[in-house]
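Asks: Structure supplied as model_0.csv; contents: CSV, C-alpha atoms.
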```csv
chain,number,residue,atom,x,y,z
A,815,MET,CA,13.4,-23.6,2.8
A,816,ILE,CA,13.5,-19.8,2.8
A,817,SER,CA,14.2,-19.8,6.6
A,818,ILE,CA,17.1,-22.3,6.2
A,819,LEU,CA,18.6,-20.3,3.3
A,820,SER,CA,18.2,-17.0,5.0
A,821,LYS,CA,20.1,-18.3,8.0
A,822,LEU,CA,22.9,-19.5,5.7
A,823,PHE,CA,23.2,-16.5,3.5
A,824,ILE,CA,21.8,-13.4,5.3
A,825,LYS,CA,23.9,-12.0,8.2
A,826,ASN,CA,21.3,-10.1,10.2
A,827,LYS,CA,23.7,-8.6,12.8
A,828,ASP,CA,23.8,-5.4,14.7
A,829,GLY,CA,25.5,-2.6,12.7
A,830,VAL,CA,24.5,-4.0,9.4
A,831,ASP,CA,22.6,-1.6,7.1
A,832,GLU,CA,18.9,-2.3,7.4
A,833,ASN,CA,18.4,-1.6,3.7
A,834,LYS,CA,21.1,-4.2,2.8
A,835,ILE,CA,19.3,-6.8,4.9
A,836,ARG,CA,16.0,-5.9,3.3
A,837,SER,CA,17.5,-6.2,-0.2
A,838,ALA,CA,19.2,-9.6,0.7
A,839,TYR,CA,15.8,-11.0,1.8
A,840,GLY,CA,14.1,-9.8,-1.3
A,841,THR,CA,16.9,-11.1,-3.6
A,842,LEU,CA,16.8,-14.6,-1.9
A,843,CYS,CA,13.1,-14.9,-2.3
A,844,CYS,CA,13.2,-13.8,-5.9
A,845,ILE,CA,16.0,-16.3,-6.9
A,846,VAL,CA,14.0,-19.1,-5.2
A,847,GLY,CA,10.8,-17.9,-7.0
A,848,ILE,CA,12.5,-17.9,-10.4
A,849,PHE,CA,13.9,-21.4,-9.9
A,850,LEU,CA,10.6,-22.9,-8.7
A,851,ASN,CA,8.6,-21.2,-11.5
A,852,LEU,CA,11.0,-22.5,-14.2
A,853,VAL,CA,10.7,-26.0,-12.7
A,854,LEU,CA,6.9,-25.7,-12.7
A,855,PHE,CA,6.9,-24.5,-16.3
A,856,GLY,CA,9.0,-27.5,-17.4
A,857,ILE,CA,6.9,-30.2,-15.8
A,858,LYS,CA,3.5,-28.6,-16.6
A,859,TYR,CA,4.5,-28.0,-20.2
A,860,PHE,CA,5.5,-31.6,-20.5
A,861,ALA,CA,2.2,-32.7,-18.9
A,862,GLY,CA,0.3,-30.4,-21.3
A,863,VAL,CA,2.0,-31.7,-24.4
A,864,ILE,CA,1.5,-35.4,-23.6
A,865,SER,CA,-2.1,-34.8,-22.6
A,866,HIS,CA,-3.0,-32.2,-25.3
A,867,SER,CA,-4.6,-30.1,-22.6
A,868,ILE,CA,-4.8,-26.3,-23.3
A,869,ALA,CA,-5.6,-25.6,-19.7
A,870,ILE,CA,-2.4,-27.3,-18.4
A,871,THR,CA,-0.3,-25.7,-21.2
A,872,ALA,CA,-1.8,-22.3,-20.3
A,873,ASP,CA,-1.0,-22.8,-16.7
A,874,ALA,CA,2.6,-23.7,-17.7
A,875,PHE,CA,3.1,-20.5,-19.6
A,876,ASN,CA,1.6,-18.6,-16.7
A,877,ASN,CA,4.5,-20.0,-14.6
A,878,LEU,CA,7.0,-19.0,-17.2
A,879,SER,CA,5.6,-15.4,-17.1
A,880,ASP,CA,5.8,-15.6,-13.3
A,881,ALA,CA,9.6,-16.3,-13.7
A,882,GLY,CA,10.0,-13.3,-15.9
A,883,SER,CA,7.9,-11.2,-13.6
A,884,THR,CA,10.1,-12.2,-10.6
A,885,VAL,CA,13.2,-11.1,-12.6
A,886,ILE,CA,11.6,-7.7,-12.9
A,887,THR,CA,10.8,-7.7,-9.2
A,888,LEU,CA,14.4,-8.5,-8.4
A,889,ALA,CA,15.6,-5.7,-10.7
A,890,GLY,CA,13.3,-3.3,-8.9
A,891,LEU,CA,14.5,-4.3,-5.5
A,892,ARG,CA,18.2,-3.8,-6.5
A,893,LEU,CA,17.6,-0.5,-8.3
A,894,ALA,CA,15.5,0.8,-5.3
A,895,GLU,CA,18.5,0.2,-3.1
A,896,LYS,CA,20.5,2.9,-4.9
A,897,LYS,CA,21.6,5.8,-2.7
A,898,PRO,CA,20.1,9.3,-3.2
A,899,ASP,CA,21.9,11.5,-5.7
A,900,LYS,CA,21.6,15.1,-6.9
A,901,ASP,CA,18.9,14.2,-9.4
A,902,HIS,CA,17.0,12.0,-7.0
A,903,PRO,CA,17.5,13.5,-3.5
A,904,PHE,CA,14.7,11.2,-2.0
A,905,GLY,CA,16.4,8.1,-3.3
A,906,HIS,CA,15.1,5.5,-5.8
A,907,GLY,CA,12.6,3.6,-3.6
A,908,ARG,CA,9.7,4.2,-5.9
A,909,LEU,CA,11.4,2.1,-8.6
A,910,GLU,CA,10.2,-0.9,-6.6
A,911,TYR,CA,6.6,0.3,-7.0
A,912,LEU,CA,7.2,0.6,-10.8
A,913,SER,CA,8.6,-2.9,-11.0
A,914,GLY,CA,5.5,-4.2,-9.1
A,915,LEU,CA,3.3,-2.3,-11.7
A,916,ALA,CA,5.3,-3.9,-14.5
A,917,VAL,CA,4.7,-7.4,-13.0
A,918,SER,CA,1.0,-6.6,-12.7
A,919,VAL,CA,0.7,-5.6,-16.4
A,920,ILE,CA,2.5,-8.7,-17.5
A,921,ILE,CA,0.1,-10.8,-15.5
A,922,ILE,CA,-2.9,-9.2,-17.2
A,923,LEU,CA,-1.4,-9.6,-20.7
A,924,VAL,CA,-0.7,-13.3,-20.1
A,925,GLY,CA,-4.3,-13.8,-18.8
A,926,ILE,CA,-5.7,-12.1,-21.9
A,927,GLU,CA,-3.5,-14.2,-24.2
A,928,LEU,CA,-4.6,-17.4,-22.5
A,929,LEU,CA,-8.2,-16.4,-22.7
A,930,GLY,CA,-7.9,-16.2,-26.5
A,931,SER,CA,-6.3,-19.7,-26.6
A,932,SER,CA,-9.1,-21.1,-24.4
A,933,VAL,CA,-11.8,-19.7,-26.6
A,934,ASP,CA,-10.1,-21.2,-29.6
A,935,LYS,CA,-10.0,-24.6,-27.8
A,936,ILE,CA,-13.8,-24.3,-27.2
A,937,MET,CA,-14.4,-23.5,-30.9
A,938,ASN,CA,-12.1,-26.3,-32.1
A,939,PRO,CA,-12.2,-29.0,-29.4
A,940,SER,CA,-9.7,-31.9,-29.4
A,941,GLU,CA,-9.4,-35.0,-27.3
A,942,VAL,CA,-7.6,-34.5,-24.0
A,943,ASP,CA,-5.4,-37.5,-23.0
A,944,THR,CA,-5.4,-37.2,-19.2
A,945,SER,CA,-3.2,-39.4,-17.1
A,946,ILE,CA,-2.3,-40.0,-13.5
A,947,ALA,CA,1.1,-38.4,-14.1
A,948,ALA,CA,-0.6,-35.1,-15.2
A,949,ILE,CA,-2.8,-35.2,-12.1
A,950,VAL,CA,0.2,-35.8,-9.8
A,951,ILE,CA,2.1,-32.9,-11.4
A,952,LEU,CA,-0.9,-30.5,-10.9
A,953,VAL,CA,-1.3,-31.5,-7.2
A,954,ALA,CA,2.5,-30.9,-6.7
A,955,SER,CA,2.1,-27.5,-8.4
A,956,VAL,CA,-0.8,-26.4,-6.1
A,957,LEU,CA,1.4,-27.3,-3.1
A,958,ILE,CA,4.4,-25.5,-4.4
A,959,LYS,CA,2.5,-22.3,-5.4
A,960,GLY,CA,0.8,-22.3,-2.0
A,961,TYR,CA,4.2,-22.4,-0.3
A,962,MET,CA,5.4,-19.6,-2.6
A,963,PHE,CA,2.4,-17.5,-1.6
A,964,ILE,CA,3.3,-18.0,2.1
A,965,TYR,CA,6.9,-17.0,1.9
A,966,ASN,CA,6.3,-14.1,-0.5
A,967,ASN,CA,3.5,-12.7,1.6
A,968,ARG,CA,5.5,-13.2,4.9
A,969,ILE,CA,8.8,-11.6,3.6
A,970,GLY,CA,6.9,-9.0,1.6
A,971,LYS,CA,5.3,-7.7,4.7
A,972,LYS,CA,8.5,-8.1,6.7
A,973,ILE,CA,10.5,-5.9,4.3
A,974,ASN,CA,7.5,-3.8,3.1
A,975,SER,CA,8.0,-4.7,-0.6
A,976,ALA,CA,5.3,-3.8,-3.1
A,977,GLY,CA,6.9,-6.0,-5.7
A,978,MET,CA,6.9,-9.1,-3.4
A,979,LYS,CA,3.3,-8.4,-2.3
A,980,ALA,CA,2.2,-8.3,-5.9
A,981,THR,CA,4.1,-11.6,-6.5
A,982,ALA,CA,2.3,-13.1,-3.4
A,983,LEU,CA,-1.1,-12.1,-4.9
A,984,ASP,CA,-0.1,-13.7,-8.2
A,985,CYS,CA,0.8,-16.9,-6.3
A,986,ILE,CA,-2.5,-17.2,-4.6
A,987,GLY,CA,-4.3,-16.6,-8.0
A,988,ASP,CA,-2.1,-19.3,-9.5
A,989,THR,CA,-3.0,-21.7,-6.7
A,990,VAL,CA,-6.7,-21.2,-7.4
A,991,ALA,CA,-6.1,-21.4,-11.2
A,992,THR,CA,-4.1,-24.6,-11.0
A,993,SER,CA,-6.8,-26.1,-8.7
A,994,VAL,CA,-9.4,-25.4,-11.5
A,995,VAL,CA,-7.1,-27.1,-14.0
A,996,LEU,CA,-6.7,-30.0,-11.6
A,997,VAL,CA,-10.5,-30.4,-11.2
A,998,SER,CA,-10.9,-30.2,-15.0
A,999,THR,CA,-8.3,-32.9,-15.5
A,1000,VAL,CA,-9.8,-35.2,-12.9
A,1001,ILE,CA,-13.3,-34.8,-14.4
A,1002,SER,CA,-12.0,-35.5,-17.9
A,1003,TYR,CA,-10.1,-38.6,-16.6
A,1004,PHE,CA,-13.2,-40.2,-15.0
A,1005,THR,CA,-16.0,-38.9,-17.3
A,1006,GLY,CA,-14.4,-38.0,-20.7
A,1007,LEU,CA,-16.2,-34.7,-20.7
A,1008,LYS,CA,-14.5,-32.0,-22.9
A,1009,ILE,CA,-14.4,-29.1,-20.5
A,1010,ASP,CA,-10.7,-28.2,-21.0
A,1011,GLY,CA,-11.4,-25.0,-22.9
A,1012,TRP,CA,-14.0,-23.8,-20.4
A,1013,CYS,CA,-11.6,-24.4,-17.5
A,1014,GLY,CA,-8.9,-22.6,-19.5
A,1015,ILE,CA,-11.2,-19.6,-19.6
A,1016,LEU,CA,-11.6,-19.8,-15.8
A,1017,VAL,CA,-7.8,-19.9,-15.3
A,1018,SER,CA,-7.3,-16.9,-17.6
A,1019,LEU,CA,-10.0,-14.9,-15.8
A,1020,PHE,CA,-8.3,-15.7,-12.4
A,1021,ILE,CA,-5.0,-14.5,-13.9
A,1022,VAL,CA,-6.5,-11.3,-15.2
A,1023,TYR,CA,-8.3,-10.6,-11.8
A,1024,ALA,CA,-5.0,-11.2,-9.9
A,1025,GLY,CA,-3.3,-8.8,-12.3
A,1026,ILE,CA,-5.9,-6.0,-11.8
A,1027,ARG,CA,-5.8,-6.4,-8.1
A,1028,SER,CA,-2.0,-6.2,-8.1
A,1029,VAL,CA,-2.2,-3.1,-10.3
A,1030,LYS,CA,-4.3,-1.4,-7.6
A,1031,GLU,CA,-1.8,-2.5,-4.9
A,1032,THR,CA,1.2,-1.0,-6.8
A,1033,VAL,CA,-0.5,2.2,-8.3
A,1034,ASN,CA,-1.9,3.4,-5.0
A,1035,PRO,CA,1.6,4.2,-3.4
A,1036,LEU,CA,2.6,5.9,-6.7
A,1037,LEU,CA,-0.4,8.2,-6.7
A,1038,GLY,CA,-0.2,8.8,-2.9
A,1039,MET,CA,-2.3,7.0,-0.4
A,1040,PRO,CA,-3.0,7.5,3.3
A,1041,PRO,CA,-0.5,5.9,5.7
A,1042,GLU,CA,-1.3,3.0,7.9
A,1043,LYS,CA,-3.4,4.0,11.0
A,1044,GLU,CA,-0.8,2.4,13.3
A,1045,PHE,CA,1.9,4.7,11.9
A,1046,ILE,CA,-0.3,7.8,12.4
A,1047,ASP,CA,-1.0,6.7,16.0
A,1048,GLU,CA,2.7,6.2,16.7
A,1049,VAL,CA,3.5,9.7,15.3
A,1050,GLU,CA,0.8,11.3,17.5
A,1051,LYS,CA,1.9,9.3,20.5
A,1052,ILE,CA,5.5,10.4,20.2
A,1053,VAL,CA,4.8,14.1,19.5
A,1054,LEU,CA,2.1,14.5,22.1
A,1055,SER,CA,4.2,12.8,24.8
A,1056,TYR,CA,5.9,16.3,25.2
A,1057,GLU,CA,4.0,18.4,27.7
A,1058,LYS,CA,4.7,21.6,25.8
A,1059,ILE,CA,2.9,20.3,22.7
A,1060,VAL,CA,-0.8,20.5,23.3
A,1061,GLY,CA,-2.1,19.4,19.9
A,1062,ILE,CA,-1.2,18.5,16.3
A,1063,HIS,CA,-2.8,19.0,12.9
A,1064,ASP,CA,-2.0,19.2,9.2
A,1065,LEU,CA,-0.1,15.9,9.4
A,1066,VAL,CA,1.2,14.8,6.0
A,1067,VAL,CA,3.2,11.6,5.2
A,1068,HIS,CA,5.2,11.5,2.0
A,1069,ASP,CA,6.2,8.0,0.9
A,1070,TYR,CA,9.2,7.8,-1.4
A,1071,GLY,CA,9.6,4.0,-1.1
A,1072,PRO,CA,10.2,1.6,1.8
A,1073,GLY,CA,12.5,3.3,4.4
A,1074,ARG,CA,12.1,6.7,2.7
A,1075,VAL,CA,9.2,8.4,4.5
A,1076,VAL,CA,9.0,12.1,5.1
A,1077,VAL,CA,6.6,13.4,7.8
A,1078,SER,CA,5.4,17.0,8.2
A,1079,LEU,CA,3.0,18.3,10.8
A,1080,HIS,CA,2.0,21.4,12.8
A,1081,ALA,CA,2.4,21.3,16.6
A,1082,GLU,CA,0.3,23.6,18.7
A,1083,VAL,CA,2.2,25.2,21.6
A,1084,ASN,CA,1.5,27.9,24.1
A,1085,GLY,CA,2.2,31.2,22.4
A,1086,ASN,CA,3.4,32.8,25.8
A,1087,ASP,CA,6.1,30.2,26.4
A,1088,ASP,CA,9.8,30.8,25.6
A,1089,ILE,CA,10.4,30.3,21.9
A,1090,TYR,CA,13.9,28.8,22.4
A,1091,ALA,CA,12.6,26.2,24.9
A,1092,LEU,CA,9.7,25.3,22.5
A,1093,HIS,CA,12.2,25.0,19.6
A,1094,ASP,CA,14.2,22.5,21.7
A,1095,VAL,CA,11.1,20.5,22.4
A,1096,VAL,CA,10.3,20.3,18.7
A,1097,ASP,CA,13.8,19.3,17.8
A,1098,ASN,CA,13.6,16.5,20.3
A,1099,ALA,CA,10.3,15.3,18.8
A,1100,GLU,CA,11.8,15.3,15.3
A,1101,PHE,CA,14.8,13.3,16.5
A,1102,ARG,CA,12.6,10.7,18.2
A,1103,LEU,CA,10.4,10.3,15.1
A,1104,ALA,CA,13.6,9.6,13.1
A,1105,GLU,CA,15.0,7.2,15.6
A,1106,GLU,CA,11.8,5.2,16.4
A,1107,LEU,CA,9.9,5.3,13.1
A,1108,GLY,CA,12.8,5.7,10.7
A,1109,CYS,CA,11.3,8.8,9.0
A,1110,MET,CA,12.5,12.3,8.3
A,1111,ALA,CA,10.2,14.7,10.3
A,1112,VAL,CA,9.6,18.4,9.9
A,1113,ILE,CA,7.5,20.1,12.6
A,1114,HIS,CA,6.1,23.6,12.3
A,1115,MET,CA,5.2,25.4,15.6
A,1116,ASP,CA,1.7,27.0,15.8
A,1117,PRO,CA,1.4,29.3,18.8
A,1118,ILE,CA,-2.1,29.3,20.4
A,1119,GLU,CA,-3.7,30.8,23.5
A,1120,THR,CA,-4.0,28.3,26.2
A,1121,ASP,CA,-4.3,30.6,29.3
A,1122,ASN,CA,-7.3,32.6,28.1
A,1123,ALA,CA,-10.5,31.0,29.5
A,1124,VAL,CA,-12.8,33.0,27.2
A,1125,THR,CA,-10.9,32.0,24.0
A,1126,THR,CA,-10.8,28.4,25.2
A,1127,LYS,CA,-14.6,28.3,25.8
A,1128,VAL,CA,-15.4,29.9,22.5
A,1129,ARG,CA,-13.0,27.6,20.7
A,1130,ASN,CA,-14.7,24.5,22.2
A,1131,ASP,CA,-18.1,25.9,21.4
A,1132,VAL,CA,-17.2,26.5,17.8
A,1133,ALA,CA,-15.6,23.0,17.5
A,1134,GLU,CA,-18.9,21.5,18.7
A,1135,ALA,CA,-21.0,23.8,16.5
A,1136,VAL,CA,-19.3,22.8,13.2
A,1137,LYS,CA,-20.0,19.2,13.8
A,1138,ILE,CA,-23.4,19.8,12.3
A,1139,LEU,CA,-21.5,19.4,9.0
A,1140,GLY,CA,-20.3,16.0,10.0
A,1141,GLU,CA,-19.2,14.2,13.2
A,1142,ASN,CA,-15.6,14.0,12.0
A,1143,VAL,CA,-15.3,17.8,11.2
A,1144,THR,CA,-12.7,19.5,13.4
A,1145,ILE,CA,-11.0,22.9,13.7
A,1146,HIS,CA,-7.5,24.2,14.4
A,1147,ASP,CA,-5.5,27.4,14.5
A,1148,PHE,CA,-8.3,29.2,16.3
A,1149,ARG,CA,-7.9,32.9,17.1
A,1150,MET,CA,-10.2,35.6,18.4
A,1151,VAL,CA,-9.7,39.2,17.1
A,1152,PRO,CA,-12.0,41.7,18.8
A,1153,GLY,CA,-13.1,44.8,16.9
A,1154,ASP,CA,-15.4,47.8,17.6
A,1155,SER,CA,-18.5,46.3,15.9
A,1156,HIS,CA,-17.7,42.6,15.9
A,1157,THR,CA,-15.2,39.9,16.7
A,1158,ASN,CA,-13.5,37.8,14.0
A,1159,LEU,CA,-13.2,34.1,14.8
A,1160,ILE,CA,-10.3,33.0,12.6
A,1161,PHE,CA,-9.8,29.2,12.2
A,1162,ASP,CA,-9.3,26.3,9.8
A,1163,VAL,CA,-12.0,23.7,9.5
A,1164,VAL,CA,-10.9,20.2,8.5
A,1165,VAL,CA,-13.6,18.5,6.4
A,1166,PRO,CA,-13.3,14.7,5.5
A,1167,HIS,CA,-13.3,13.8,1.8
A,1168,GLU,CA,-16.6,12.0,2.2
A,1169,ILE,CA,-18.4,15.4,2.5
A,1170,LYS,CA,-18.7,16.3,-1.2
A,1171,ALA,CA,-19.6,20.0,-0.8
A,1172,SER,CA,-17.2,22.5,-2.4
A,1173,ASP,CA,-14.9,24.6,-0.2
A,1174,SER,CA,-16.9,27.8,-1.0
A,1175,GLU,CA,-20.2,26.0,0.1
A,1176,ILE,CA,-18.6,24.8,3.3
A,1177,LYS,CA,-17.3,28.3,4.1
A,1178,GLU,CA,-20.8,29.7,3.7
A,1179,GLN,CA,-22.3,27.0,5.9
A,1180,VAL,CA,-19.7,27.7,8.6
A,1181,ARG,CA,-20.3,31.4,8.4
A,1182,SER,CA,-24.0,30.8,8.8
A,1183,ILE,CA,-23.5,28.6,11.8
A,1184,ILE,CA,-21.3,31.1,13.5
A,1185,SER,CA,-23.6,34.1,12.9
A,1186,GLU,CA,-26.6,32.2,14.3
A,1187,LYS,CA,-24.8,30.8,17.3
A,1188,PHE,CA,-22.5,33.6,18.3
A,1189,ARG,CA,-23.7,37.2,18.5
A,1190,TYR,CA,-21.5,39.9,16.9
A,1191,CYS,CA,-19.1,37.3,15.6
A,1192,ASN,CA,-17.9,36.7,12.0
A,1193,ALA,CA,-16.1,33.5,10.8
A,1194,VAL,CA,-12.9,34.0,8.8
A,1195,VAL,CA,-12.5,30.4,7.8
A,1196,ASN,CA,-10.1,28.3,5.7
A,1197,VAL,CA,-11.1,24.8,4.5
A,1198,ASP,CA,-8.7,21.9,4.9
A,1199,ARG,CA,-9.0,18.3,3.7
A,1200,PRO,CA,-7.1,15.6,5.7
A,1201,PHE,CA,-4.0,13.8,4.2
A,1202,VAL,CA,-4.2,10.9,6.7
```
Please rewrite the model in this file as structure tokens.
Replies:
Amino acid sequence: MISILSKLFIKNKDGVDENKIRSAYGTLCCIVGIFLNLVLFGIKYFAGVISHSIAITADAFNNLSDAGSTVITLAGLRLAEKKPDKDHPFGHGRLEYLSGLAVSVIIILVGIELLGSSVDKIMNPSEVDTSIAAIVILVASVLIKGYMFIYNNRIGKKINSAGMKATALDCIGDTVATSVVLVSTVISYFTGLKIDGWCGILVSLFIVYAGIRSVKETVNPLLGMPPEKEFIDEVEKIVLSYEKIVGIHDLVVHDYGPGRVVVSLHAEVNGNDDIYALHDVVDNAEFRLAEELGCMAVIHMDPIETDNAVTTKVRNDVAEAVKILGENVTIHDFRMVPGDSHTNLIFDVVVPHEIKASDSEIKEQVRSIISEKFRYCNAVVNVDRPFV
């Protein structure tokens, strides 16, 4: 259905603003989601009333909350589309993450409320009047929610929408929850066992779990999380494709919402080359990053010695020596400054977050390694932690 509607209402042509196409896909999915959730609420509420089933009624109100949550997701998508202004120079893209967080909180609150209703049902049990009609309604609900998960997940990944990804997680949780209610109803129909309240507890716990998982998915981009490895690999591939750039480090990716990514990095270049020619190379790399990855890039040039065989050998030896701290420890910005009594080896050491030692402890360890392995050398070291 989504594919048919998108062909009818979304004009995905060359020259059309990509953000507008993204918003159109999100809007279409949200409108369909609101309609389907309201339909599910109506038929499930009817089934819950005629059968006196707290589990079915709870599942119905879960669908009603889903409709409200989708309205919030839709609002977040539309607000995130706003252009940058003087108060928000990086745009409004993170509003989409905030809408996803709001949806997640609503999911948790609904789950807690339904948990209380289910406990009350266990404490004060009443007869559940199951019917074939209720069972058919629940089967249809499972199929519809499964379809909603598929299209929300697919389009959410296609347009990189945190709100729609949260909705997709909620849909798969709803599918499992409704399946539990279905099993409860079938068991009651054939055996007469009063397990409605207990199944209501399972449904509410599934809802709370889906909400907590969704909170994590939406909070991480707000706090700042590492970018996808594929994105980092593409950045490195593009920048290092220029012969004049011999290495990169201090790569940082700032995410201000889908389509609003800022990349900064340090590019190592031969310090003896012409600075104007190097600047042109860096400009070209920045332009390609913008064109191919859709990000704003800022590249800082770091001049290094590439023609000095002694410096190169010592640098490689130091890089190997510091791996005693950890296999993934690396160095950059290496310089040798000879003196009358000793030589200073000046460099930054990049230490993964998994190594819990403090920066001062790491500096002491590196100095000790250098003094033992290299005669008449001192380490002047700065500790970095990776951002990717």
Asks: Tell me which of A:Val1053, A:Val1195, A:Ala838, A:Ile951 sits closest to Asp1147 (chain A), counting all atoms listed in the file.
Replies: A:Val1195
Asks: Can you work out which one of A:Phe1201, A:Gly1071, A:His866, A:Leu1019 has the shortest atom-to-atom distance to Ile1046 (chain A), counting all atoms listed in the file?
Replies: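 Closest to Ile1046 (chain A) of all the choices is A:Phe1201.
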Asks: Between CA of Cys1109 (chain A) and CA of His1093 (chain A), what is the spacing in Å?
Replies: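 So the answer is 19.4 Å.
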Asks: Do you have, as a Markdown table, the list of residues of region 826-898 of chain A lying at most 8 Å from region 976-988 of chain A, each with its nearest atom pair and that distance in Å to one decimal, counting all atoms listed in the file and ordered by chain then number?
Replies:
```
| residue | atom | partner | partner_atom | distance |
| --- | --- | --- | --- | --- |
| A:Gly840 | CA | A:Met978 | CA | 7.5 |
| A:Thr884 | CA | A:Thr981 | CA | 7.3 |
| A:Thr887 | CA | A:Gly977 | CA | 5.5 |
| A:Gly890 | CA | A:Gly977 | CA | 7.6 |
| A:Leu891 | CA | A:Gly977 | CA | 7.8 |
```
Asks: Which residue out of A:Ile1184, A:Ile922, A:Ile1118, A:Ile1169 has the minimum interatomic distance to Asp1087 (chain A) when all atoms listed in the file are used?
Replies: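 Of the candidates, the smallest distance to Asp1087 (chain A) is held by A:Ile1118.
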Asks: Could you list, as a ChimeraX atom specification, every residue within 6 Å of Val1163 (chain A), counting all atoms listed in the file and ignoring same-chain residues fewer than 4 positions away?
Replies: /A:1144-1145,1197-1198
Asks: At what distance in Å, to one decimal, does CA of Tyr839 (chain A) lie from CA of Leu888 (chain A)?
Replies: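 Computing it gives 10.6 Å between the two atoms.
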Asks: From the options A:Ile1138, A:Val953, A:Leu1079, A:Val1022, which residue's atoms come nearest to Glu1100 (chain A), counting all atoms listed in the file?
Replies: A:Leu1079
Asks: Hey, which of A:Leu893, A:Val1136, A:Met937, A:Ile926 ends up closest to Ser837 (chain A)? Count all atoms listed in the file.
Replies: A:Leu893
Asks: Show me, as a PyMOL selection string, the residues that have an atom within 9 Å of Ala916 (chain A) when counting all atoms listed in the file, minus same-chain residues fewer than 6 positions from it.
Replies: chain A and resi 883+886-887+1029
Asks: Might you pull out every residue within 10 Å of Leu1036 (chain A), with all atoms listed in the file counted and same-chain residues fewer than 6 positions away left off, and present them as a list of chain:residue names?
Replies: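 After dropping sequence-adjacent residues, the list is A:Arg908, A:Leu909, A:Tyr911, A:Leu912, A:Leu915, A:Asp1069, A:Tyr1070, A:Gly1071.
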Asks: Near Ile1062 (chain A), within 10 Å and counting all atoms listed in the file, which residues show up once chain neighbours fewer than 4 positions away are dropped, as a PyMOL selection string?
Replies: chain A and resi 1050+1053-1054+1079-1083+1113-1116+1146
Asks: Just the number, please: distance in Å from CA of Ile1160 (chain A) to CA of Ile1059 (chain A), one decimal.
Replies: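 For CA of Ile1160 (chain A) relative to CA of Ile1059 (chain A), the distance reads 20.9 Å.
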Asks: Restricting the calculation to all atoms listed in the file: of A:Glu1048, A:Asp1154, A:Asp1131, A:Asp1162, which residue gets closest to His1063 (chain A)?
Replies: A:Asp1162
Asks: May I have the residues within 12 Å of Glu1178 (chain A) as a PyMOL selection string, using all atoms listed in the file and disregarding those fewer than 5 positions away in the same chain?
Replies: chain A and resi 1136+1139+1171-1173+1183-1185+1192-1197
